[in-house]
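The structure under discussion appears below in the form of structure tokens.
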Amino acid sequence: MDIFHIEGPVRLSGSVKINGSKNASLPIMAASILAKGKSVLSSVPHLSDISVCGQLLGQLGCTVDRSPNDNLCIDATVIDNPVGEYEIVRRMRASICILGPLLARCGRAEVSMPGGCAIGDRPIDIHVRGLRELGAKIHLKNGYIIAEAPKGLKGKAIFLGGAFGSTVLGTANVLMAATLAKGKTVIESAACEPEITDLANCLNKMGAKITGIGSPRLSVEGVRELQPVEYKVIPDRIEAGTFMVAAAITSGELHLHNCRLDDMMAVVDKFRNVGVTIDAAGDGCVVTRRKPIKTADITTQPYPGFPTDLQAQFMALLSLARGNSVIIEKIFPDRFMHVAELNRMAANLRKEGPAVIVAGVKKLIAAPVMASDLRASAALVLAGMAAEGTTIVNRVYHIDRGYEKIEERLNPVGANITRQGI
Ligand code: EPU
């Protein structure tokens, strides 16, 4: 298990290229199951979650490899084992997004039921409800979801909202299944995240007939079959937001390439409110912080609201604001594992139910801290770059799930992070 030694404080300056989106790549990889033949995906990042997804598709019968020019090639000509094994699903919850496409392609799927994780219970009841509405028979056996539709799925109008709003991977599952269902499906209260838009655009390129893309009402005319695809994945808005915080928390200036501000309006708005300058430039933007950080109140929401996946990183930034901020988590009310760790670094955070009161401090002080999940660990790295002294972040594998070699991208722009294997 690797650890990071982070020397601080540093001031970042320079250019960083944002990679393709992890959370768009994963469902698009699953979508490749829907077509016999070889799909070629570009801009898929090199992350452990992507490797796990590749292994999962390999177990189903697909061949998955990287071409010399780094495209991810998935040959789904043969799917002879429509089973998502526990050993893989327990390593990555997003494995659940093979359920819909497998069912549509094979008429049957068995996928291990994902457990909870550090950010909460994370049920999949809405995925199951949506697929049942399309005519699937679904039951649970020995920890596996067994889904069957031997005569195919049938389109229907479905309300897919839940207690916490829309579901991203639930929408992905039902949308993928609906592309091959007989007749018309309407998904009401669909997730509008850019990753779902990217998936829908990819599906349409494969021959699906989806309209309403980007809205909470997706309409799908089922087709008999889909074709393999060549598709480029969108830039990762969460990685971009994390690097924006990196510039801001270190009073630095970063030019981010391959970054779509249009996908990040709520985030950009918050940065501007707290005194961080973000100017569009070329294929990305320049992020600069010259003034003290101002306070802000943040409530996480489904897109186009402020994303839960940037809540921890913003908490690190607001720890250094002049005054009190309030952060309310409306997607995963328990996603606060970073609070105690940031407090170990002299932040002043108080959790009150699904909210955290952030009392700004003058400086953060380095400490040994424990990464608990992907975005929480990103927050600790950000805090470490601003803190005085040597911060040690344990369990770096969490960060490797979603950020490709983060230290090799931060060090050239002024960070001082050393990875040590232990
Ligand atoms: N929910 C239910 N029932 C369901 C599904 C979801 O109650 O059947 C609830 C969840 O518990 C949560 C809310 O609905 O309260 C939204 O969860 P959602 O289903 O949208 O989350 P997800 O699809 O499992 C994706 C991302 C997460 C991101 C969330 C929210 C991927 C692979 N994962 O998860 O990303 O936080 O959407 O935007 O796309 C990350 O990258 O660090 C990460 C956790």
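Each chain of the structure tokens is named A, B, ... in the order shown, its residues numbered from 1; ligands are numbered from 1 in display order.
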Legend entry - Distance query Asp309 in chain A at most 10 Å, only C-alpha atoms, self and fewer than 6 positions along chain excluded, as a PyMOL selection string: chain A and resi 237-239+241-242+300+331-332+335+374-376
Legend entry - Residues flagged strand (DSSP E) by DSSP in range 49-256 of chain A, as a PyMOL selection string: chain A and resi 63-66+72-75+83-84+108-112+137-141+144-148+157-159+184-188+209-211+217-221+230-232+253-256
Legend entry - Cut-off 8 Å, only C-alpha atoms and all ligand atoms, neighbours of ligand 1 as a ChimeraX atom specification: /A:22-24,26-27,93-94,119-128,162-171,191,193,195,238,302-303,307-309,330-333,373-375,402
Legend entry - Nearest-residue call for Arg11 in chain A, choices A:Ala248, A:Val223, A:Ala355, A:Val381, using only C-alpha atoms: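 So, comparing all the options, the nearest one is A:Ala248.
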Inset, instruction - Write out as a PyMOL selection string the residues lying within 12 Å of range 148-155 of chain A, counting only C-alpha atoms and excluding same-chain residues fewer than 3 positions away. - result: chain A and resi 82+99-111+128+130-140+145+158+174-187+219-224
Inset, instruction - For Phe314 in chain A, work out the shell of residues within 9 Å, counting only C-alpha atoms and skipping chain neighbours fewer than 3 positions away, then give it as a ChimeraX atom specification. - result: /A:242,245,298,310-311,317-319,327,379
Since we have the selection now, will you write its residues out, keeping C-alpha atoms, as a short mmCIF file (atom, residue, chain, number, x, y, z; two decimals), in the first residue's frame?
```
data_model
loop_
_atom_site.label_atom_id
_atom_site.label_comp_id
_atom_site.auth_asym_id
_atom_site.auth_seq_id
_atom_site.Cartn_x
_atom_site.Cartn_y
_atom_site.Cartn_z
CA THR A 242 -9.96 19.17 -8.10
CA VAL A 245 -9.01 23.76 -5.94
CA ILE A 298 -22.64 24.98 -0.47
CA LEU A 310 -16.27 18.04 -5.21
CA GLN A 311 -17.66 18.54 -1.71
CA LEU A 317 -10.44 25.11 0.47
CA LEU A 318 -13.08 26.72 2.72
CA SER A 319 -11.08 25.60 5.78
CA ILE A 327 -21.62 22.68 3.53
CA ALA A 379 -9.12 16.68 -0.29
#
```
Inset, instruction - Could you give me, as an NGL selection string, the residues within 10 Å of Ile6 in chain A, counting only C-alpha atoms and dropping anything in the same chain fewer than 5 positions from it? - result: :A and (366-367 or 380-393 or 407 or 415-419)
Legend entry - Within 12 Å of Glu352 in chain A using only C-alpha atoms, minus same-chain residues under 3 positions, as a ChimeraX atom specification: /A:326-329,333-334,336,339,349,355-358
Preceding selection exported with C-alpha atoms as a PDB file, in the first residue's frame:
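Once written, again_20.pdb looks like this:
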```pdb
ATOM      1  CA  VAL A 326     -21.758  25.753   5.766  1.00  0.00           C
ATOM      2  CA  ILE A 327     -21.617  22.679   3.527  1.00  0.00           C
ATOM      3  CA  ILE A 328     -24.762  20.557   3.240  1.00  0.00           C
ATOM      4  CA  GLU A 329     -24.543  17.114   1.627  1.00  0.00           C
ATOM      5  CA  PRO A 333     -25.546  12.495   3.776  1.00  0.00           C
ATOM      6  CA  ASP A 334     -22.755  10.428   5.371  1.00  0.00           C
ATOM      7  CA  PHE A 336     -17.910  13.180   5.576  1.00  0.00           C
ATOM      8  CA  VAL A 339     -13.895  15.837   8.313  1.00  0.00           C
ATOM      9  CA  LEU A 349     -14.915  21.589  11.092  1.00  0.00           C
ATOM     10  CA  ALA A 355     -24.039  19.423   7.254  1.00  0.00           C
ATOM     11  CA  VAL A 356     -20.595  20.657   8.245  1.00  0.00           C
ATOM     12  CA  ILE A 357     -19.851  24.063   9.681  1.00  0.00           C
ATOM     13  CA  VAL A 358     -16.467  25.164   8.427  1.00  0.00           C
TER      14      VAL A 358
END
```
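The interatomic distance for the pair CA of Gly323 in chain A and CA of Glu7 in chain A works out to 26.2 Å.
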Legend entry - Of the listed residues A:Ser377, A:Gln227, A:Asn258, A:Asn71, that which approaches Tyr397 in chain A most closely, counting only C-alpha atoms: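 Distance minimum relative to Tyr397 in chain A lands on A:Ser377.
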